[in-house]
$ cat query06.json   # JSON, C-alpha atoms and all ligand atoms
[["chain", "number", "residue", "atom", "x", "y", "z"],
["A", 1, "MET", "CA", 5.74, -1.90, -2.70],
["A", 2, "PRO", "CA", 7.81, 1.14, -3.84],
["A", 3, "GLU", "CA", 9.20, 3.68, -1.37],
["A", 4, "PRO", "CA", 7.05, 6.49, 0.06],
["A", 5, "THR", "CA", 7.30, 10.00, -1.40],
["A", 6, "LEU", "CA", 7.81, 13.04, 0.83],
["A", 7, "THR", "CA", 6.40, 16.50, 0.21],
["A", 8, "ASP", "CA", 6.71, 19.46, 2.57],
["A", 9, "ARG", "CA", 3.89, 18.26, 4.81],
["A", 10, "LEU", "CA", 2.90, 14.82, 3.55],
["A", 11, "LEU", "CA", 4.20, 11.28, 3.65],
["A", 12, "LEU", "CA", 2.75, 9.55, 0.58],
["A", 13, "THR", "CA", 2.79, 5.75, 0.82],
["A", 14, "PRO", "CA", 1.74, 3.46, -2.07],
["A", 15, "ILE", "CA", -1.61, 1.91, -1.17],
["A", 16, "ASP", "CA", -1.04, -1.71, -0.22],
["A", 17, "PRO", "CA", -4.20, -3.86, -0.09],
["A", 18, "ALA", "CA", -2.37, -6.28, 2.25],
["A", 19, "ASP", "CA", -1.98, -3.60, 4.94],
["A", 20, "GLU", "CA", -5.22, -4.08, 6.88],
["A", 21, "VAL", "CA", -4.55, -1.17, 9.26],
["A", 22, "VAL", "CA", -4.16, 1.37, 6.47],
["A", 23, "LEU", "CA", -7.06, -0.21, 4.59],
["A", 24, "GLY", "CA", -9.30, 0.19, 7.63],
["A", 25, "ARG", "CA", -8.34, 3.85, 7.94],
["A", 26, "LEU", "CA", -8.97, 4.49, 4.25],
["A", 27, "PHE", "CA", -12.36, 2.79, 4.52],
["A", 28, "ALA", "CA", -13.25, 5.07, 7.45],
["A", 29, "ILE", "CA", -12.57, 8.08, 5.21],
["A", 30, "GLN", "CA", -14.40, 6.55, 2.24],
["A", 31, "ALA", "CA", -17.39, 5.66, 4.46],
["A", 32, "ASP", "CA", -17.69, 9.09, 6.11],
["A", 33, "PRO", "CA", -20.68, 11.05, 4.70],
["A", 34, "ALA", "CA", -18.81, 14.28, 5.53],
["A", 35, "THR", "CA", -16.18, 13.35, 2.91],
["A", 36, "TRP", "CA", -18.88, 13.04, 0.27],
["A", 37, "THR", "CA", -21.03, 16.16, 0.57],
["A", 38, "HIS", "CA", -20.44, 16.77, -3.17],
["A", 39, "LEU", "CA", -21.73, 13.25, -4.01],
["A", 40, "PRO", "CA", -23.60, 11.53, -1.14],
["A", 41, "GLU", "CA", -24.13, 8.42, -3.29],
["A", 42, "GLY", "CA", -20.36, 7.84, -3.23],
["A", 43, "VAL", "CA", -20.23, 6.86, 0.45],
["A", 44, "GLU", "CA", -18.72, 3.40, 0.74],
["A", 45, "THR", "CA", -20.62, 0.94, 2.89],
["A", 46, "ASP", "CA", -18.37, -2.11, 2.85],
["A", 47, "LEU", "CA", -14.64, -2.62, 3.30],
["A", 48, "SER", "CA", -14.61, -4.68, 0.10],
["A", 49, "GLN", "CA", -15.18, -1.47, -1.92],
["A", 50, "THR", "CA", -12.05, 0.12, -0.48],
["A", 51, "ARG", "CA", -10.18, -3.15, -0.94],
["A", 52, "SER", "CA", -11.18, -3.24, -4.61],
["A", 53, "LEU", "CA", -9.88, 0.31, -5.12],
["A", 54, "ALA", "CA", -6.66, -0.62, -3.29],
["A", 55, "GLU", "CA", -6.20, -3.70, -5.48],
["A", 56, "ASP", "CA", -6.71, -1.69, -8.66],
["A", 57, "HIS", "CA", -4.05, 0.76, -7.50],
["A", 58, "ALA", "CA", -1.67, -2.02, -6.48],
["A", 59, "ARG", "CA", -1.95, -3.23, -10.07],
["A", 60, "SER", "CA", -1.29, 0.30, -11.30],
["A", 61, "TRP", "CA", 1.85, 0.41, -9.13],
["A", 62, "ARG", "CA", 3.00, -2.94, -10.56],
["A", 63, "GLU", "CA", 2.18, -2.29, -14.21],
["A", 64, "GLN", "CA", 2.66, 1.48, -14.57],
["A", 65, "GLY", "CA", 5.16, 2.18, -11.79],
["A", 66, "LEU", "CA", 2.71, 4.53, -10.08],
["A", 67, "GLY", "CA", -0.71, 4.43, -8.45],
["A", 68, "TRP", "CA", -2.53, 6.18, -5.62],
["A", 69, "TRP", "CA", -1.02, 6.81, -2.22],
["A", 70, "ALA", "CA", -2.29, 6.69, 1.35],
["A", 71, "VAL", "CA", -1.79, 10.27, 2.51],
["A", 72, "GLY", "CA", -0.03, 10.63, 5.86],
["A", 73, "LEU", "CA", 0.90, 13.73, 7.86],
["A", 74, "ARG", "CA", 4.56, 14.52, 8.50],
["A", 75, "GLU", "CA", 3.61, 16.59, 11.53],
["A", 76, "ALA", "CA", 0.60, 16.94, 13.81],
["A", 77, "THR", "CA", -2.18, 18.87, 12.02],
["A", 78, "ALA", "CA", -5.80, 19.73, 12.82],
["A", 79, "GLY", "CA", -5.89, 17.46, 15.86],
["A", 80, "PHE", "CA", -4.28, 14.52, 14.08],
["A", 81, "PRO", "CA", -0.89, 13.26, 15.29],
["A", 82, "GLU", "CA", 2.22, 12.99, 13.15],
["A", 83, "GLY", "CA", 1.92, 9.95, 10.86],
["A", 84, "ALA", "CA", -1.89, 9.90, 10.80],
["A", 85, "ILE", "CA", -3.50, 8.81, 7.51],
["A", 86, "VAL", "CA", -5.84, 11.62, 6.43],
["A", 87, "GLY", "CA", -6.72, 10.65, 2.88],
["A", 88, "LEU", "CA", -5.87, 8.97, -0.37],
["A", 89, "GLY", "CA", -5.06, 10.06, -3.88],
["A", 90, "GLY", "CA", -2.44, 10.49, -6.55],
["A", 91, "ALA", "CA", -2.16, 9.46, -10.18],
["A", 92, "GLY", "CA", -3.00, 5.94, -11.27],
["A", 93, "VAL", "CA", -4.25, 3.90, -14.19],
["A", 94, "ARG", "CA", -7.23, 2.13, -12.68],
["A", 95, "ARG", "CA", -8.44, 0.78, -16.02],
["A", 96, "PRO", "CA", -5.54, -0.57, -18.07],
["A", 97, "GLU", "CA", -7.60, -0.35, -21.28],
["A", 98, "LEU", "CA", -7.80, 3.45, -20.84],
["A", 99, "PRO", "CA", -4.34, 4.91, -21.55],
["A", 100, "ALA", "CA", -4.37, 7.96, -19.26],
["A", 101, "TRP", "CA", -3.39, 8.84, -15.71],
["A", 102, "ASN", "CA", -6.35, 9.55, -13.48],
["A", 103, "LEU", "CA", -5.46, 12.24, -10.93],
["A", 104, "GLY", "CA", -7.68, 12.22, -7.85],
["A", 105, "TYR", "CA", -7.82, 12.84, -4.12],
["A", 106, "ARG", "CA", -10.04, 12.47, -1.09],
["A", 107, "LEU", "CA", -9.10, 13.96, 2.26],
["A", 108, "THR", "CA", -10.87, 13.82, 5.59],
["A", 109, "PRO", "CA", -12.74, 17.13, 6.13],
["A", 110, "ALA", "CA", -10.79, 18.22, 9.25],
["A", 111, "VAL", "CA", -7.71, 18.86, 7.09],
["A", 112, "TRP", "CA", -9.44, 20.69, 4.22],
["A", 113, "GLY", "CA", -8.52, 24.26, 3.40],
["A", 114, "ARG", "CA", -4.78, 23.99, 4.15],
["A", 115, "GLY", "CA", -3.50, 23.40, 0.64],
["A", 116, "LEU", "CA", -2.83, 19.72, 1.27],
["A", 117, "ALA", "CA", -4.74, 18.52, -1.81],
["A", 118, "GLY", "CA", -2.72, 20.96, -3.90],
["A", 119, "GLU", "CA", 0.49, 19.55, -2.44],
["A", 120, "LEU", "CA", -0.70, 16.02, -3.17],
["A", 121, "ALA", "CA", -1.80, 16.86, -6.72],
["A", 122, "ALA", "CA", 1.53, 18.55, -7.53],
["A", 123, "ALA", "CA", 3.43, 15.48, -6.29],
["A", 124, "ALA", "CA", 1.16, 13.20, -8.35],
["A", 125, "LEU", "CA", 1.71, 15.26, -11.48],
["A", 126, "ARG", "CA", 5.50, 15.14, -11.03],
["A", 127, "ALA", "CA", 5.40, 11.40, -10.42],
["A", 128, "ALA", "CA", 3.18, 10.73, -13.46],
["A", 129, "ARG", "CA", 5.54, 12.67, -15.71],
["A", 130, "LEU", "CA", 8.47, 10.62, -14.43],
["A", 131, "ALA", "CA", 6.72, 7.24, -14.58],
["A", 132, "ARG", "CA", 5.12, 7.46, -18.05],
["A", 133, "PRO", "CA", 5.31, 10.95, -19.55],
["A", 134, "GLU", "CA", 3.64, 9.79, -22.77],
["A", 135, "LEU", "CA", 0.35, 9.20, -20.93],
["A", 136, "PRO", "CA", -1.85, 12.29, -20.48],
["A", 137, "VAL", "CA", -2.69, 13.30, -16.93],
["A", 138, "THR", "CA", -6.47, 13.57, -16.70],
["A", 139, "ALA", "CA", -9.00, 14.16, -13.95],
["A", 140, "ARG", "CA", -12.77, 14.24, -13.53],
["A", 141, "ALA", "CA", -14.58, 16.60, -11.20],
["A", 142, "LEU", "CA", -18.19, 17.59, -10.70],
["A", 143, "ALA", "CA", -18.95, 21.20, -11.60],
["A", 144, "ARG", "CA", -20.65, 21.51, -8.20],
["A", 145, "ASN", "CA", -17.36, 20.61, -6.45],
["A", 146, "PRO", "CA", -15.28, 23.77, -6.97],
["A", 147, "ALA", "CA", -12.67, 22.84, -4.34],
["A", 148, "SER", "CA", -11.81, 19.80, -6.42],
["A", 149, "TRP", "CA", -11.45, 21.53, -9.78],
["A", 150, "HIS", "CA", -9.68, 24.54, -8.22],
["A", 151, "VAL", "CA", -6.94, 22.13, -7.17],
["A", 152, "LEU", "CA", -6.70, 20.79, -10.73],
["A", 153, "GLU", "CA", -6.48, 24.28, -12.21],
["A", 154, "ARG", "CA", -3.94, 25.31, -9.61],
["A", 155, "VAL", "CA", -1.54, 22.52, -10.66],
["A", 156, "GLY", "CA", -1.92, 23.53, -14.30],
["A", 157, "LEU", "CA", -4.51, 21.17, -15.77],
["A", 158, "SER", "CA", -6.95, 22.69, -18.27],
["A", 159, "LEU", "CA", -10.65, 22.15, -18.72],
["A", 160, "ALA", "CA", -11.02, 19.77, -21.67],
["A", 161, "TRP", "CA", -14.77, 19.11, -21.55],
["A", 162, "GLU", "CA", -17.85, 19.95, -19.54],
["A", 163, "GLY", "CA", -21.24, 18.32, -19.93],
["A", 164, "PRO", "CA", -23.78, 15.97, -18.39],
["A", 165, "ALA", "CA", -22.46, 12.69, -17.02],
["A", 166, "PRO", "CA", -23.94, 9.84, -19.07],
["A", 167, "ALA", "CA", -27.00, 7.89, -17.97],
["A", 168, "SER", "CA", -24.78, 4.82, -17.66],
["A", 169, "ALA", "CA", -22.66, 6.39, -14.88],
["A", 170, "PRO", "CA", -24.06, 4.85, -11.70],
["A", 171, "LEU", "CA", -23.20, 7.69, -9.28],
["A", 172, "THR", "CA", -23.04, 10.86, -11.35],
["A", 173, "ARG", "CA", -25.67, 10.41, -14.08],
["A", 174, "GLY", "CA", -27.13, 13.74, -15.16],
["A", 175, "LEU", "CA", -24.75, 15.81, -13.02],
["A", 176, "THR", "CA", -22.50, 18.32, -14.77],
["A", 177, "LEU", "CA", -19.09, 16.75, -15.13],
["A", 178, "ARG", "CA", -15.77, 18.37, -15.97],
["A", 179, "VAL", "CA", -12.81, 16.59, -17.53],
["A", 180, "TYR", "CA", -9.38, 18.17, -17.07],
["A", 181, "ALA", "CA", -6.12, 17.27, -18.79],
["A", 182, "ASP", "CA", -2.51, 18.38, -19.05],
["A", 183, "ARG", "CA", -2.59, 18.33, -22.88],
["A", 184, "PRO", "CA", -5.13, 18.24, -25.73],
["A", 185, "LEU", "CA", -6.87, 14.85, -25.78],
["A", 186, "PRO", "CA", -8.00, 12.91, -28.87],
["A", 187, "ASP", "CA", -11.82, 13.01, -29.09],
["A", 188, "GLU", "CA", -12.10, 9.26, -28.70],
["A", 189, "LEU", "CA", -10.09, 9.21, -25.46],
["A", 190, "LEU", "CA", -11.92, 12.26, -24.12],
["A", 191, "GLY", "CA", -15.24, 10.55, -24.86],
["A", 192, "ARG", "CA", -14.20, 7.41, -23.00],
["A", 193, "ILE", "CA", -13.04, 9.40, -19.97],
["A", 194, "ALA", "CA", -16.26, 11.43, -19.88],
["A", 195, "ALA", "CA", -18.23, 8.19, -20.18],
["A", 196, "LEU", "CA", -16.85, 7.08, -16.80],
["A", 197, "GLY", "CA", -18.97, 9.81, -15.20],
["B", 201, "LIG", "C1", -11.35, 18.45, -2.92],
["B", 201, "LIG", "C2", -10.44, 18.35, -1.69],
["B", 201, "LIG", "C3", -9.45, 17.21, -1.90],
["B", 201, "LIG", "C4", -9.71, 19.66, -1.51],
["B", 201, "LIG", "O1", -8.80, 19.52, -0.43],
["B", 201, "LIG", "P1", -8.07, 20.77, 0.25],
["B", 201, "LIG", "O2", -6.85, 20.24, 0.93],
["B", 201, "LIG", "O3", -9.06, 21.52, 1.05],
["B", 201, "LIG", "O4", -7.66, 21.60, -1.03],
["B", 201, "LIG", "P2", -6.64, 22.80, -1.09],
["B", 201, "LIG", "O5", -6.67, 23.52, 0.22],
["B", 201, "LIG", "O6", -5.33, 22.31, -1.61],
["B", 201, "LIG", "O7", -7.26, 23.70, -2.26],
["B", 201, "LIG", "C5", -8.66, 23.90, -2.38],
["B", 201, "LIG", "C6", -8.89, 25.05, -3.37],
["B", 201, "LIG", "O8", -10.28, 25.14, -3.62],
["B", 201, "LIG", "C7", -10.74, 26.42, -3.16],
["B", 201, "LIG", "N1", -12.07, 26.17, -2.60],
["B", 201, "LIG", "C8", -12.38, 25.43, -1.52],
["B", 201, "LIG", "N2", -13.72, 25.43, -1.35],
["B", 201, "LIG", "C9", -14.24, 26.16, -2.35],
["B", 201, "LIG", "C10", -15.56, 26.53, -2.72],
["B", 201, "LIG", "N3", -16.62, 26.10, -2.03],
["B", 201, "LIG", "N4", -15.72, 27.32, -3.79],
["B", 201, "LIG", "C11", -14.68, 27.74, -4.50],
["B", 201, "LIG", "N5", -13.39, 27.41, -4.21],
["B", 201, "LIG", "C12", -13.19, 26.63, -3.14],
["B", 201, "LIG", "C13", -9.73, 26.85, -2.16],
["B", 201, "LIG", "O9", -9.73, 28.26, -2.00],
["B", 201, "LIG", "C14", -8.46, 26.35, -2.81],
["B", 201, "LIG", "O10", -8.11, 27.17, -3.91],
["B", 201, "LIG", "P3", -6.74, 28.00, -3.92],
["B", 201, "LIG", "O11", -5.65, 26.97, -3.88],
["B", 201, "LIG", "O12", -6.78, 28.74, -5.21],
["B", 201, "LIG", "O13", -6.80, 28.85, -2.69],
["B", 201, "LIG", "C15", -11.23, 18.05, -0.41],
["B", 201, "LIG", "O14", -12.19, 19.04, -0.27],
["B", 201, "LIG", "C16", -11.88, 16.69, -0.44],
["B", 201, "LIG", "O15", -11.24, 15.67, -0.16],
["B", 201, "LIG", "N6", -13.18, 16.66, -0.74],
["B", 201, "LIG", "C17", -13.95, 15.41, -0.75],
["B", 201, "LIG", "C18", -13.54, 14.49, -1.84],
["B", 201, "LIG", "C19", -13.50, 15.12, -3.18],
["B", 201, "LIG", "O16", -14.28, 16.00, -3.49],
["B", 201, "LIG", "N7", -12.58, 14.64, -4.01],
["B", 201, "LIG", "C20", -12.44, 15.08, -5.37],
["B", 201, "LIG", "C21", -13.43, 14.50, -6.28],
["B", 201, "LIG", "S1", -13.89, 12.81, -5.99]]
$ encode --input "query06.json" --output "structure tokens"
Amino acid sequence: MPEPTLTDRLLLTPIDPADEVVLGRLFAIQADPATWTHLPEGVETDLSQTRSLAEDHARSWREQGLGWWAVGLREATAGFPEGAIVGLGGAGVRRPELPAWNLGYRLTPAVWGRGLAGELAAAALRAARLARPELPVTARALARNPASWHVLERVGLSLAWEGPAPASAPLTRGLTLRVYADRPLPDELLGRIAALG
């Protein structure tokens, strides 16, 4: 796996599906209802779901040179010791047939409100532009999750589309979805991103 990336407060380590300790910690975050108040249906219930996400991002690291990170703390914060894993996120290509970076993040609630997601998103944007600058950086956020889209706007992404998530989207159907991007997107690509829900 590639080297970790350092920001002011974070140690960002490529997600490695073979690292059972980190995987277990990420599953705890993904399975915590408090992480998912914006979308209770998203709570993971089985380690295999986190493993599947980790495997997709390991492929993104291999094929695109970048995927999501496990987010660690460089110093003790909010009751967590130095080195603790408090979330996941970054820029990755989870679906190789969809030529765009997906920028995303999920942090454990105790560390919210300190600008850490902004720090993570800025690092992801820089890394995406180094790895494959020709791919647009895109992100999806629910309109009812302002903390999430504030972070996107803060790092300079623009609202490309807002509308109802399609009926085919298992978790978000009918909810108002926002698609953000760092450049104008062709309609066809925008439609396929919005279709993910
Ligand atoms: C979204 C999330 C990553 C934000 O993490 P964070 O570290 O608290 O974010 P930051 O502190 O960097 O920035 C949050 C921004 O949203 C703003 N914000 C937070 N709650 C808000 C609310 N209810 N209404 C409006 N703005 C809000 C903050 O003021 C801040 O904006 P600013 O930078 O202009 O001050 C975190 O809440 C999270 O992990 N949530 C659960 C998972 C999730 O929603 N992921 C994204 C979609 S799947």
$ residues_around --input "query06.json" --residues "range 112-126 of chain A" --least-positions-apart "3" --cutoff "9 Å" --atoms "all atoms listed in the file" --output "MDAnalysis selection string"
chainID A and resid 5:10 12 66:68 71 89:92 103:109 129:131 137 147:148 150:152 154:155
$ closest_residue --input "query06.json" --among "A:His38, A:Arg59, A:Arg178, A:Arg74" --to "Pro17 in chain A" --atoms "all atoms listed in the file"
A:Arg59
$ closest_residue --input "query06.json" --among "A:Pro133, A:Ala18, A:Gly72, A:Arg25" --to "Ser52 in chain A" --atoms "all atoms listed in the file"
A:Ala18
$ atom_distance --input "query06.json" --atom1 "CA of Leu98 in chain A" --atom2 "CA of Arg192 in chain A"
7.8 Å
$ axis_aligned_box --input "query06.json" --around "ligand LIG 201 (chain B)" --padding-each-side "8 Å" --output "AutoDock Vina command-line options"
--center_x -11.0 --center_y 20.8 --center_z -2.6 --size_x 27.3 --size_y 32.0 --size_z 23.3
$ residues_near_point --input "query06.json" --point "(1.8, 1.8, -2.1)" --cutoff "7 Å" --atoms "all atoms listed in the file" --output "PDB file with C-alpha atoms, in the coordinates of the input"
ATOM      1  CA  MET A   1       5.740  -1.900  -2.700  1.00  0.00           C
ATOM      2  CA  PRO A   2       7.810   1.140  -3.840  1.00  0.00           C
ATOM      3  CA  THR A  13       2.790   5.750   0.820  1.00  0.00           C
ATOM      4  CA  PRO A  14       1.740   3.460  -2.070  1.00  0.00           C
ATOM      5  CA  ILE A  15      -1.610   1.910  -1.170  1.00  0.00           C
ATOM      6  CA  ASP A  16      -1.040  -1.710  -0.220  1.00  0.00           C
ATOM      7  CA  ALA A  58      -1.670  -2.020  -6.480  1.00  0.00           C
ATOM      8  CA  TRP A  69      -1.020   6.810  -2.220  1.00  0.00           C
TER       9      TRP A  69
END
$ closest_residue --input "query06.json" --among "A:Gly42, A:Gly191, A:Pro136, A:Pro184" --to "Asn102 in chain A" --atoms "all atoms listed in the file"
A:Pro136
$ atom_distance --input "query06.json" --atom1 "CA of Glu97 in chain A" --atom2 "CA of Thr176 in chain A"
24.8 Å
$ decode --input "query06.json" --residues "range 41-105 of chain A" --atoms "C-alpha atoms" --output "mmCIF file, in the first residue's frame"
data_model
loop_
_atom_site.group_PDB
_atom_site.id
_atom_site.type_symbol
_atom_site.label_atom_id
_atom_site.label_comp_id
_atom_site.auth_asym_id
_atom_site.auth_seq_id
_atom_site.Cartn_x
_atom_site.Cartn_y
_atom_site.Cartn_z
ATOM 1 C CA GLU A 41 -30.729 3.430 6.570
ATOM 2 C CA GLY A 42 -26.982 3.690 5.899
ATOM 3 C CA VAL A 43 -25.943 2.032 9.169
ATOM 4 C CA GLU A 44 -23.821 -1.008 8.371
ATOM 5 C CA THR A 45 -24.782 -4.207 10.128
ATOM 6 C CA ASP A 46 -22.079 -6.619 9.008
ATOM 7 C CA LEU A 47 -18.301 -6.382 8.731
ATOM 8 C CA SER A 48 -18.557 -7.682 5.160
ATOM 9 C CA GLN A 49 -20.080 -4.331 4.098
ATOM 10 C CA THR A 50 -17.054 -2.421 5.372
ATOM 11 C CA ARG A 51 -14.767 -5.033 3.848
ATOM 12 C CA SER A 52 -16.449 -4.588 0.474
ATOM 13 C CA LEU A 53 -15.935 -0.808 0.646
ATOM 14 C CA ALA A 54 -12.292 -1.371 1.670
ATOM 15 C CA GLU A 55 -11.749 -3.761 -1.244
ATOM 16 C CA ASP A 56 -13.238 -1.292 -3.730
ATOM 17 C CA HIS A 57 -10.871 1.387 -2.439
ATOM 18 C CA ALA A 58 -7.882 -0.957 -2.496
ATOM 19 C CA ARG A 59 -8.660 -1.436 -6.194
ATOM 20 C CA SER A 60 -8.897 2.331 -6.617
ATOM 21 C CA TRP A 61 -5.456 2.676 -4.995
ATOM 22 C CA ARG A 62 -4.046 0.030 -7.358
ATOM 23 C CA GLU A 63 -5.684 1.224 -10.568
ATOM 24 C CA GLN A 64 -5.955 4.993 -10.068
ATOM 25 C CA GLY A 65 -3.111 5.640 -7.625
ATOM 26 C CA LEU A 66 -5.547 6.986 -5.039
ATOM 27 C CA GLY A 67 -8.494 5.812 -2.973
ATOM 28 C CA TRP A 68 -9.996 6.500 0.444
ATOM 29 C CA TRP A 69 -7.965 6.731 3.615
ATOM 30 C CA ALA A 70 -8.453 5.604 7.203
ATOM 31 C CA VAL A 71 -8.371 8.890 9.107
ATOM 32 C CA GLY A 72 -6.063 8.926 12.133
ATOM 33 C CA LEU A 73 -5.314 11.671 14.646
ATOM 34 C CA ARG A 74 -1.799 13.094 14.885
ATOM 35 C CA GLU A 75 -2.480 14.238 18.443
ATOM 36 C CA ALA A 76 -4.983 13.441 21.178
ATOM 37 C CA THR A 77 -8.356 15.041 20.362
ATOM 38 C CA ALA A 78 -11.840 14.908 21.902
ATOM 39 C CA GLY A 79 -10.909 12.099 24.273
ATOM 40 C CA PHE A 80 -9.196 10.010 21.607
ATOM 41 C CA PRO A 81 -5.465 9.296 21.934
ATOM 42 C CA GLU A 82 -2.852 10.162 19.330
ATOM 43 C CA GLY A 83 -3.063 7.672 16.449
ATOM 44 C CA ALA A 84 -6.735 6.801 16.969
ATOM 45 C CA ILE A 85 -8.751 6.093 13.811
ATOM 46 C CA VAL A 86 -11.728 8.476 13.813
ATOM 47 C CA GLY A 87 -13.108 8.094 10.321
ATOM 48 C CA LEU A 88 -12.648 7.354 6.664
ATOM 49 C CA GLY A 89 -12.767 9.287 3.439
ATOM 50 C CA GLY A 90 -10.858 10.818 0.588
ATOM 51 C CA ALA A 91 -11.135 10.652 -3.188
ATOM 52 C CA GLY A 92 -11.538 7.336 -4.949
ATOM 53 C CA VAL A 93 -12.964 5.713 -8.053
ATOM 54 C CA ARG A 94 -15.226 3.065 -6.568
ATOM 55 C CA ARG A 95 -16.822 2.198 -9.906
ATOM 56 C CA PRO A 96 -14.196 1.967 -12.647
ATOM 57 C CA GLU A 97 -16.870 2.391 -15.347
ATOM 58 C CA LEU A 98 -17.646 5.879 -13.980
ATOM 59 C CA PRO A 99 -14.714 8.171 -14.836
ATOM 60 C CA ALA A 100 -14.822 10.610 -11.898
ATOM 61 C CA TRP A 101 -13.322 10.930 -8.440
ATOM 62 C CA ASN A 102 -15.852 10.494 -5.669
ATOM 63 C CA LEU A 103 -14.959 12.733 -2.716
ATOM 64 C CA GLY A 104 -16.479 11.593 0.569
ATOM 65 C CA TYR A 105 -15.966 11.383 4.315
#
